[in-house]
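Below: upload-v7.cif (mmCIF, C-alpha atoms)
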data_my_file
loop_
_atom_site.group_PDB
_atom_site.id
_atom_site.type_symbol
_atom_site.label_atom_id
_atom_site.label_comp_id
_atom_site.auth_asym_id
_atom_site.auth_seq_id
_atom_site.Cartn_x
_atom_site.Cartn_y
_atom_site.Cartn_z
ATOM 1 C CA MET A 1087 27.675 98.161 70.961
ATOM 2 C CA ARG A 1088 25.764 95.272 72.619
ATOM 3 C CA LYS A 1089 28.965 93.747 74.038
ATOM 4 C CA GLN A 1090 29.782 97.049 75.737
ATOM 5 C CA GLU A 1091 26.311 97.159 77.286
ATOM 6 C CA GLU A 1092 26.688 93.590 78.551
ATOM 7 C CA LYS A 1093 30.077 94.504 80.045
ATOM 8 C CA LYS A 1094 28.456 97.408 81.901
ATOM 9 C CA LEU A 1095 25.695 95.099 83.124
ATOM 10 C CA GLN A 1096 28.231 92.562 84.406
ATOM 11 C CA LYS A 1097 30.240 95.276 86.189
ATOM 12 C CA SER A 1098 27.065 96.611 87.821
ATOM 13 C CA ILE A 1099 26.099 93.156 89.113
ATOM 14 C CA VAL A 1100 29.614 92.551 90.474
ATOM 15 C CA ARG A 1101 29.540 95.945 92.267
ATOM 16 C CA TYR A 1102 26.140 95.098 93.743
ATOM 17 C CA MET A 1103 27.399 91.723 94.995
ATOM 18 C CA LYS A 1104 30.498 93.274 96.580
ATOM 19 C CA LEU A 1105 28.313 95.756 98.457
ATOM 20 C CA LYS A 1106 25.371 93.568 99.425
ATOM 21 C CA HIS A 1107 26.723 89.987 99.492
ATOM 22 C CA LYS A 1108 30.489 90.208 99.991
ATOM 23 C CA ASP A 1109 30.458 86.819 101.769
ATOM 24 C CA ILE A 1110 29.203 85.021 98.632
ATOM 25 C CA PHE A 1111 32.031 83.597 96.528
ATOM 26 C CA MET A 1112 31.478 84.268 92.846
ATOM 27 C CA ASN A 1113 33.522 84.558 89.692
ATOM 28 C CA GLY A 1114 33.060 86.362 86.390
ATOM 29 C CA SER A 1115 34.065 85.067 82.978
ATOM 30 C CA LEU A 1116 35.956 86.970 80.305
ATOM 31 C CA GLY A 1117 32.545 87.925 78.958
ATOM 32 C CA GLY A 1118 33.034 88.271 75.215
ATOM 33 C CA VAL A 1119 36.529 89.761 75.293
ATOM 34 C CA TYR A 1120 38.172 89.588 71.877
ATOM 35 C CA ILE A 1121 41.230 87.345 72.074
ATOM 36 C CA GLN A 1122 43.917 87.176 69.378
ATOM 37 C CA ASN A 1123 44.727 83.729 67.934
ATOM 38 C CA ALA A 1124 47.891 82.952 69.929
ATOM 39 C CA ARG A 1125 46.350 84.036 73.211
ATOM 40 C CA HIS A 1126 43.104 82.230 72.317
ATOM 41 C CA ARG A 1127 45.011 78.934 71.951
ATOM 42 C CA ASP A 1128 46.749 79.617 75.261
ATOM 43 C CA TYR A 1129 43.443 80.249 77.095
ATOM 44 C CA LYS A 1130 41.919 77.112 75.546
ATOM 45 C CA ALA A 1131 44.942 75.069 76.645
ATOM 46 C CA LYS A 1132 44.461 76.427 80.183
ATOM 47 C CA GLY A 1133 40.838 75.272 80.221
ATOM 48 C CA TYR A 1134 38.828 78.338 79.229
ATOM 49 C CA THR A 1135 35.547 77.279 77.650
ATOM 50 C CA SER A 1136 33.764 79.640 75.292
ATOM 51 C CA GLY A 1137 30.090 79.974 76.057
ATOM 52 C CA PHE A 1138 30.638 79.719 79.821
ATOM 53 C CA PRO A 1139 28.160 81.974 81.670
ATOM 54 C CA ASP A 1140 29.206 85.484 82.661
ATOM 55 C CA LEU A 1141 28.748 84.991 86.410
ATOM 56 C CA PHE A 1142 29.137 81.892 88.546
ATOM 57 C CA PHE A 1143 28.094 81.665 92.204
ATOM 58 C CA TYR A 1144 29.753 78.893 94.196
ATOM 59 C CA SER A 1145 27.004 78.619 96.806
ATOM 60 C CA PRO A 1146 24.869 75.474 96.965
ATOM 61 C CA ARG A 1147 21.170 75.846 97.750
ATOM 62 C CA ILE A 1148 18.064 73.697 97.969
ATOM 63 C CA VAL A 1149 15.808 74.755 95.103
ATOM 64 C CA GLU A 1150 12.367 73.195 94.763
ATOM 65 C CA GLY A 1151 13.440 70.288 96.988
ATOM 66 C CA GLU A 1152 16.645 69.541 95.053
ATOM 67 C CA ILE A 1153 20.226 70.372 95.960
ATOM 68 C CA VAL A 1154 21.741 72.764 93.432
ATOM 69 C CA ASN A 1155 25.545 73.058 93.415
ATOM 70 C CA GLY A 1156 25.703 76.705 92.369
ATOM 71 C CA LEU A 1157 24.193 79.395 90.159
ATOM 72 C CA ALA A 1158 25.456 80.316 86.688
ATOM 73 C CA ILE A 1159 24.074 83.365 84.896
ATOM 74 C CA GLU A 1160 24.487 84.310 81.255
ATOM 75 C CA LEU A 1161 23.842 88.058 81.101
ATOM 76 C CA LYS A 1162 22.038 89.691 78.206
ATOM 77 C CA VAL A 1163 20.766 93.153 77.435
ATOM 78 C CA LYS A 1164 17.360 93.697 75.853
ATOM 79 C CA GLY A 1165 17.408 92.590 72.222
ATOM 80 C CA ASN A 1166 20.193 90.034 72.719
ATOM 81 C CA SER A 1167 19.757 86.300 73.228
ATOM 82 C CA ALA A 1168 22.042 83.413 74.127
ATOM 83 C CA THR A 1169 24.116 81.874 71.339
ATOM 84 C CA GLU A 1170 23.836 78.174 70.545
ATOM 85 C CA ASN A 1171 27.193 77.638 72.248
ATOM 86 C CA GLN A 1172 25.976 79.430 75.400
ATOM 87 C CA LYS A 1173 22.736 77.403 75.378
ATOM 88 C CA ASN A 1174 24.785 74.207 75.096
ATOM 89 C CA VAL A 1175 26.979 75.116 78.090
ATOM 90 C CA ILE A 1176 23.886 76.091 80.116
ATOM 91 C CA GLY A 1177 22.399 72.659 79.340
ATOM 92 C CA ILE A 1178 25.594 70.894 80.432
ATOM 93 C CA LEU A 1179 25.671 72.837 83.711
ATOM 94 C CA ASN A 1180 21.992 72.148 84.430
ATOM 95 C CA LYS A 1181 22.515 68.403 83.854
ATOM 96 C CA ALA A 1182 25.515 68.514 86.215
ATOM 97 C CA GLY A 1183 23.415 69.812 89.114
ATOM 98 C CA TYR A 1184 23.862 73.558 88.760
ATOM 99 C CA LEU A 1185 21.176 76.132 88.098
ATOM 100 C CA ALA A 1186 22.254 77.809 84.866
ATOM 101 C CA ILE A 1187 20.024 80.550 83.462
ATOM 102 C CA VAL A 1188 19.931 83.482 81.062
ATOM 103 C CA CYS A 1189 18.910 86.843 82.554
ATOM 104 C CA THR A 1190 18.074 89.978 80.585
ATOM 105 C CA GLY A 1191 18.825 93.311 82.225
ATOM 106 C CA ILE A 1192 19.735 94.318 85.743
ATOM 107 C CA ASP A 1193 16.270 93.965 87.285
ATOM 108 C CA GLU A 1194 15.734 90.352 86.225
ATOM 109 C CA THR A 1195 19.315 89.450 87.153
ATOM 110 C CA LEU A 1196 19.131 90.915 90.661
ATOM 111 C CA GLU A 1197 15.712 89.329 91.218
ATOM 112 C CA LYS A 1198 17.061 85.870 90.288
ATOM 113 C CA ILE A 1199 20.209 86.298 92.396
ATOM 114 C CA GLU A 1200 18.219 87.370 95.468
ATOM 115 C CA TRP A 1201 15.707 84.554 94.956
ATOM 116 C CA TYR A 1202 18.527 81.991 94.709
ATOM 117 C CA LEU A 1203 20.492 83.309 97.680
ATOM 118 C CA ASN A 1204 17.329 83.249 99.805
ATOM 119 C CA CYS A 1205 16.820 79.523 99.130
ATOM 120 C CA THR A 1206 17.823 77.164 101.940
ATOM 121 C CA VAL A 1207 21.529 76.430 102.388
ATOM 122 C CA PRO A 1208 22.020 72.649 102.607
ATOM 123 C CA GLU A 1209 23.579 71.231 105.764
ATOM 124 C CA VAL A 1210 26.983 69.604 105.428
ATOM 125 C CA ASP A 1211 28.054 66.991 107.983
ATOM 126 C CA VAL A 1212 31.633 66.394 109.157
ATOM 127 C CA ASN A 1213 32.183 63.894 106.326
ATOM 128 C CA TYR A 1214 31.238 66.609 103.837
ATOM 129 C CA THR A 1215 28.084 64.777 102.816
ATOM 130 C CA ILE A 1216 25.464 67.287 101.770
ATOM 131 C CA LYS A 1217 22.086 66.813 103.424
ATOM 132 C CA LYS A 1218 18.803 68.337 102.319
#

Output the structure of this file as structure tokens.
Amino acid sequence: MRKQEEKKLQKSIVRYMKLKHKDIFMNGSLGGVYIQNARHRDYKAKGYTSGFPDLFFYSPRIVEGEIVNGLAIELKVKGNSATENQKNVIGILNKAGYLAIVCTGIDETLEKIEWYLNCTVPEVDVNYTIKK
């Protein structure tokens, strides 16, 4: 039952983004879809990583004086928490210069997305060097 609720949450966030922020490039993961063994091996061979956050925003921002490459959100409904695998991936993304977080419910998720998108967009010069 929880997976279904998280699917609904992800769909609601994607709908919101398409209506309010259609210029922001984002991508959703498979989000807990059950995959049979043969297809699972195929997805792994193509680079799918289990534990990857549900939503990924490819929009750099300056957050607390530091350039952040993008925002990754692991969605949860009340009563659910991130798995060890999800926590590990979030740690890897944070170390790589992304802001990776866990959000519970639609209110917290939308608040974090709006906060992030309202942070300063870094300038990029003609040599594609990012400046603060």

Would you mind listing what lies within 12 Å of stretch 1125-1142 of chain A as a count of residues only, with only C-alpha atoms counted and same-chain residues fewer than 3 positions away left out? 55

If we draw a sphere of 10 Å around (22.4, 73.4, 99.5), which residues have at least one atom in it when counting only C-alpha atoms? Please report them as a ChimeraX atom specification. /A:1145-1149,1151-1156,1205-1210,1216-1218

Work out how far apart atom CA of A:Val1163 and atom CA of A:Ala1182 are and give it in Å to one decimal.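 So the answer is 26.6 Å.
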
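Going from atom CA of A:Asn1204 to atom CA of A:Thr1190 covers 20.4 Å.
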
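With only C-alpha atoms as the basis for measurement, A:Glu1150 is the residue among A:Tyr1102, A:Glu1150, A:Glu1091, A:Asn1166 that approaches A:Trp1201 most closely.
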
Produce the centre coordinates and the three edge lengths, each in Å to one decimal, of the box along x, y and z that contains all listed atoms of stretch 1184-1196 of chain A with 6 Å added on each side, as lines of an AutoDock Vina configuration file.
center_x = 19.8
center_y = 83.9
center_z = 85.6
size_x = 20.1
size_y = 32.8
size_z = 22.1

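Our summary of the geometry notes that atom CA of A:Ser1167 is positioned 28.3 Å from atom CA of A:Leu1105.
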